[in-house]
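Chemist: File follows, run.csv with CSV, C-alpha atoms:
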chain,number,residue,atom,x,y,z
A,1,MET,CA,7.6,67.2,158.1
A,2,ARG,CA,8.7,64.6,155.5
A,3,VAL,CA,8.1,67.1,152.6
A,4,ALA,CA,10.3,69.7,154.3
A,5,ASP,CA,13.1,67.1,154.9
A,6,SER,CA,12.9,66.0,151.3
A,7,SER,CA,12.9,69.6,150.0
A,8,LEU,CA,15.9,70.3,152.2
A,9,ARG,CA,17.8,67.2,151.0
A,10,LEU,CA,17.0,68.1,147.4
A,11,ALA,CA,18.3,71.7,147.9
A,12,LEU,CA,21.5,70.4,149.5
A,13,VAL,CA,22.1,68.0,146.6
A,14,LEU,CA,21.5,70.8,144.1
A,15,ILE,CA,23.9,73.1,145.9
A,16,PHE,CA,26.5,70.4,146.1
A,17,ALA,CA,26.1,69.5,142.4
A,18,LEU,CA,26.4,73.2,141.4
A,19,GLY,CA,29.5,73.7,143.5
A,20,LEU,CA,31.0,70.5,142.0
A,21,ALA,CA,30.2,71.6,138.5
A,22,ARG,CA,31.9,75.0,139.1
A,23,ARG,CA,35.0,73.3,140.5
A,24,VAL,CA,35.2,71.0,137.5
A,25,GLU,CA,34.8,73.9,135.1
A,26,ALA,CA,37.5,75.9,136.9
A,27,ALA,CA,39.8,72.9,136.7
A,28,SER,CA,39.1,72.6,133.0
A,29,VAL,CA,39.8,76.3,132.4
A,30,GLU,CA,43.1,76.0,134.3
A,31,GLN,CA,44.0,72.8,132.3
A,32,GLY,CA,43.2,74.6,129.0
A,33,ARG,CA,45.3,77.6,130.1
A,34,HIS,CA,48.2,75.3,130.8
A,35,LEU,CA,47.9,73.8,127.3
A,36,ALA,CA,47.8,77.3,125.8
A,37,LEU,CA,50.8,78.3,127.8
A,38,LEU,CA,52.7,75.2,126.7
A,39,TYR,CA,51.8,75.1,123.0
A,40,CYS,CA,50.6,78.6,122.0
A,41,ALA,CA,51.9,81.4,124.2
A,42,ARG,CA,55.1,81.7,122.3
A,43,CYS,CA,53.1,83.3,119.5
A,44,HIS,CA,49.5,84.0,120.7
A,45,ALA,CA,48.3,86.2,123.6
A,46,ILE,CA,46.5,83.9,125.9
A,47,ASP,CA,45.0,86.4,128.3
A,48,LYS,CA,42.5,89.2,128.1
A,49,VAL,CA,44.8,92.2,127.6
A,50,SER,CA,48.3,91.4,126.2
A,51,PRO,CA,49.3,91.7,122.6
A,52,SER,CA,50.4,88.5,120.8
A,53,PRO,CA,54.2,88.1,120.8
A,54,LEU,CA,53.9,87.3,117.0
A,55,ARG,CA,52.0,90.0,115.3
A,56,ILE,CA,50.3,87.8,112.8
A,57,ALA,CA,49.1,85.4,115.5
A,58,PRO,CA,45.6,86.5,116.7
A,59,PRO,CA,45.1,86.9,120.4
A,60,PHE,CA,43.0,84.1,121.7
A,61,ARG,CA,40.5,86.5,123.3
A,62,ASN,CA,39.5,87.6,119.8
A,63,LEU,CA,39.1,84.2,118.2
A,64,HIS,CA,35.4,84.1,118.9
A,65,GLU,CA,35.0,87.2,116.8
A,66,ARG,CA,36.3,85.3,113.8
A,67,TYR,CA,34.3,82.1,114.1
A,68,PRO,CA,32.5,80.0,116.7
A,69,ILE,CA,35.1,78.5,119.1
A,70,GLU,CA,33.4,75.1,118.8
A,71,THR,CA,34.5,74.8,115.2
A,72,LEU,CA,38.1,74.3,116.4
A,73,GLU,CA,37.2,70.9,117.9
A,74,GLU,CA,37.8,68.9,114.8
A,75,ALA,CA,41.0,70.7,113.8
A,76,LEU,CA,42.4,70.2,117.3
A,77,ALA,CA,41.6,66.5,117.2
A,78,GLU,CA,43.0,66.0,113.7
A,79,GLY,CA,46.0,68.3,114.2
A,80,ILE,CA,46.1,71.9,113.2
A,81,MET,CA,48.3,72.1,110.1
A,82,THR,CA,47.5,75.6,109.0
A,83,GLY,CA,47.4,78.9,110.8
A,84,HIS,CA,50.4,81.3,110.5
A,85,PRO,CA,53.6,80.1,108.8
A,86,SER,CA,55.6,79.5,112.0
A,87,MET,CA,52.7,77.6,113.7
A,88,PRO,CA,53.8,74.2,114.9
A,89,GLN,CA,51.7,71.1,114.1
A,90,PHE,CA,50.1,69.5,117.1
A,91,GLN,CA,47.1,67.3,118.0
A,92,PHE,CA,45.1,67.2,121.3
A,93,GLU,CA,43.4,64.3,123.0
A,94,PRO,CA,39.6,64.6,123.5
A,95,ASP,CA,39.9,65.7,127.2
A,96,GLN,CA,42.5,68.3,126.2
A,97,ILE,CA,40.2,69.6,123.5
A,98,ASN,CA,37.4,70.1,125.9
A,99,ASP,CA,39.7,71.9,128.4
A,100,PHE,CA,41.2,74.1,125.7
A,101,LEU,CA,37.8,75.1,124.3
A,102,ILE,CA,36.5,75.9,127.8
A,103,PHE,CA,39.6,78.0,128.3
A,104,LEU,CA,39.1,79.9,125.0
A,105,LYS,CA,35.4,80.5,126.0
A,106,SER,CA,36.6,82.0,129.3
A,107,LEU,CA,38.4,84.7,127.4
A,108,GLU,CA,35.3,86.0,125.6
Translate this structure into structure tokens?
Modeler:
Amino acid sequence: MRVADSSLRLALVLIFALGLARRVEAASVEQGRHLALLYCARCHAIDKVSPSPLRIAPPFRNLHERYPIETLEEALAEGIMTGHPSMPQFQFEPDQINDFLIFLKSLE
């Protein structure tokens, strides 16, 4: 009986942890989408179907085809100073970087 109770408790803990992890990831995706909307949507497409408002700005859904998304981490921390000519300079905080990268990965 104790083994069955322990197994049930373990199963419940794992289900809870998995559900919590999914909610945290969903919140990160939404926070990353908010950052993209605030800083990037004027030029870049930030969804899975729309064209970029600025033709030379690549849609975010295609960035992973150019390079691994993780390689943006350092540039986002230090401040992206290149890109297309009209791209503003900005710098993200570590938690923002994580949210933004999770959002970009959600578009793949």
Chemist: Scan for residues within 10 Å of the point (40.0, 76.0, 125.7) in the coordinates of the file, using all atoms listed in the file, and reply as an MDAnalysis selection string.
Modeler: chainID A and resid 28:36 60 69:70 72:73 96:107
Chemist: Rounded to one decimal in Å, what is the spacing between CA of Met87 in chain A and CA of Arg42 in chain A?
Modeler: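 Between CA of Met87 in chain A and CA of Arg42 in chain A the gap works out to 9.8 Å.
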Chemist: Find, counting only C-alpha atoms, the residue in A:Ala41, A:Pro94, A:Thr71, A:Leu76 that gets nearest to Ala57 in chain A.
Modeler: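 Answer, going by the shortest atom-to-atom distance: A:Ala41.
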Chemist: As an exercise, work out the distance from CA of Pro53 in chain A to CA of Leu37 in chain A in Å and give it to one decimal place.
Modeler: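 A separation of 12.5 Å between them.
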Chemist: One number please: CA of Arg55 in chain A to CA of Cys40 in chain A, in Å, one decimal.
Modeler: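 Taking CA of Arg55 in chain A as the start and CA of Cys40 in chain A as the end point, the length is 13.3 Å.
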